[in-house]
Amino acid sequence: MPTSLRLTALALLATLGAAGCASTQASQPSFEPGAEPTWIQPSASLQRQLEAQAARLTYAHGLEEKYELIRWFVGTGEVAYPTLFQLVEAGPTDEARALALSCLASTADPRLLGPLRELEFPGEDRPTLRLERARCHMVLGDWTWSWVLIEGLESPSLWARALCARTLQETTRMRFGFDPRKEPGSCAEAVERWRQWDAARRSDPLQAVEPSAQ
């Protein structure tokens, strides 16, 4: 299976299960509202584990191993966030960066949005990483990059279409009749309805506010 398809399949697996195992530690604020988050620091032994697992995340191969690592990072909680952000920003490959984003998205912790917005958004020459980054933002409550996922509905990759469709449907609770299993172009009407929805949302001051901020 091509790398891009494997990554998208992994992201779908993460969406299905890893978010459900977010630790209670990650949901407990360790900063004052409106302030820059300060994450809980790991012990020396846990830091060594984080570094070892980050190395595994970088070079892992099978989907099951990658999914297991996502679950481990999510279960570890906010002490893992700096390590994951380091991978997102400077991972040796786009695959490693996308896997780190899958971990962050699966925490369902909206405090991650501030630091995430500080990172450069991937360009069109990195389509898999670009989709995973948009998914991460949207799952955490920032719909700024929803249009990237809507564009992904027309991808020639079945897995990419499925990833984008699932993310949009689960965050908005809408479908517009889109079926990722159909050939690209056969759901043009549904994709146009998604575009119209996104345009209307952006033009409405109330709808343009992130759901997490309402």
# chains A, B, ... in the order shown; residues from 1 in each chain; ligands from 1
call {"tool": "residues_around", "arguments": {"residues": "Trp72 of chain A", "least_positions_apart": "4", "cutoff": "9 Å", "atoms": "only C-alpha atoms", "output": "PDB file with C-alpha atoms, in the first residue's frame"}}
result
ATOM      1  CA  GLN A  53       8.680   5.972  21.848  1.00  0.00           C
ATOM      2  CA  TYR A  67      -1.895   2.626  16.267  1.00  0.00           C
ATOM      3  CA  GLU A  68      -0.442   1.170  19.451  1.00  0.00           C
ATOM      4  CA  THR A  76       0.531   9.399  28.577  1.00  0.00           C
ATOM      5  CA  GLY A  77      -1.171  12.790  28.589  1.00  0.00           C
ATOM      6  CA  CYS A 103      -1.495  11.656  18.340  1.00  0.00           C
TER       7      CYS A 103
END
call {"tool": "residues_around", "arguments": {"residues": "Met174 of chain A", "least_positions_apart": "4", "cutoff": "12 Å", "atoms": "only C-alpha atoms", "output": "PyMOL selection string"}}
result
chain A and resi 165-170+178+190+193-194+197-198
call {"tool": "residues_around", "arguments": {"residues": "Pro127 of chain A", "least_positions_apart": "6", "cutoff": "10 Å", "atoms": "only C-alpha atoms", "output": "list in words"}}
result
Ser4, Asp94, Arg133, Val148, Gly152, Ser155 and Ala160 of chain A
call {"tool": "write_last_selection", "arguments": {"atoms": "C-alpha atoms", "output": "PDB file, in the first residue's frame"}}
result
ATOM      1  CA  SER A   4      -0.089   8.156   1.591  1.00  0.00           C
ATOM      2  CA  ASP A  94       6.323  13.725   6.628  1.00  0.00           C
ATOM      3  CA  ARG A 133      -2.840  18.937   9.804  1.00  0.00           C
ATOM      4  CA  VAL A 148      -8.642  21.841   2.829  1.00  0.00           C
ATOM      5  CA  GLY A 152      -9.756  16.422  -0.168  1.00  0.00           C
ATOM      6  CA  SER A 155      -8.862  13.320  -4.049  1.00  0.00           C
ATOM      7  CA  ALA A 160      -8.023  10.423   1.575  1.00  0.00           C
TER       8      ALA A 160
END
call {"tool": "closest_residue", "arguments": {"among": "A:Ala96, A:Val88, A:Cys136, A:Ala108", "to": "Glu120 of chain A", "atoms": "only C-alpha atoms"}}
result
A:Val88
call {"tool": "residues_around", "arguments": {"residues": "Cys187 of chain A", "least_positions_apart": "6", "cutoff": "10 Å", "atoms": "only C-alpha atoms", "output": "ChimeraX atom specification"}}
result
/A:153-154,176-181
call {"tool": "residues_around", "arguments": {"residues": "Thr83 of chain A", "least_positions_apart": "6", "cutoff": "12 Å", "atoms": "only C-alpha atoms", "output": "PyMOL selection string"}}
result
chain A and resi 39+41-42+46-55+57-58+73+76-77+89-91+97+100-101+103-104
call {"tool": "select_by_dssp", "arguments": {"residues": "segment 19-180 of chain A", "states": "alpha helix (DSSP H)", "output": "JSON, numbers by chain"}}
result
{"A": [44, 45, 46, 47, 48, 49, 50, 51, 52, 53, 54, 55, 56, 57, 58, 59, 63, 64, 65, 66, 67, 68, 69, 70, 71, 72, 73, 74, 75, 76, 81, 82, 83, 84, 85, 86, 87, 88, 89, 90, 94, 95, 96, 97, 98, 99, 100, 101, 102, 103, 104, 105, 106, 107, 113, 114, 115, 116, 117, 127, 128, 129, 130, 131, 132, 133, 134, 135, 136, 137, 138, 139, 140, 146, 147, 148, 149, 150, 151, 152, 158, 159, 160, 161, 162, 163, 164, 165, 166, 167, 168, 169, 170, 171, 172]}
call {"tool": "atom_distance", "arguments": {"atom1": "atom CA of Cys164 of chain A", "atom2": "atom CA of Arg117 of chain A"}}
result
20.1 Å
call {"tool": "closest_residue", "arguments": {"among": "A:Arg202, A:Lys66, A:Arg111, A:Lys182", "to": "Ser157 of chain A", "atoms": "only C-alpha atoms"}}
result
A:Lys182
call {"tool": "closest_residue", "arguments": {"among": "A:Arg201, A:Arg71, A:His61, A:His137", "to": "Leu149 of chain A", "atoms": "only C-alpha atoms"}}
result
A:His137
call {"tool": "closest_residue", "arguments": {"among": "A:Ser43, A:Leu87, A:Leu113, A:Trp147", "to": "Arg56 of chain A", "atoms": "only C-alpha atoms"}}
result
A:Leu87
call {"tool": "atom_distance", "arguments": {"atom1": "atom CA of Leu63 of chain A", "atom2": "atom CA of Val139 of chain A"}}
result
21.1 Å
call {"tool": "closest_residue", "arguments": {"among": "A:Pro110, A:Arg195, A:Gln86, A:Glu65", "to": "Ser146 of chain A", "atoms": "only C-alpha atoms"}}
result
A:Arg195
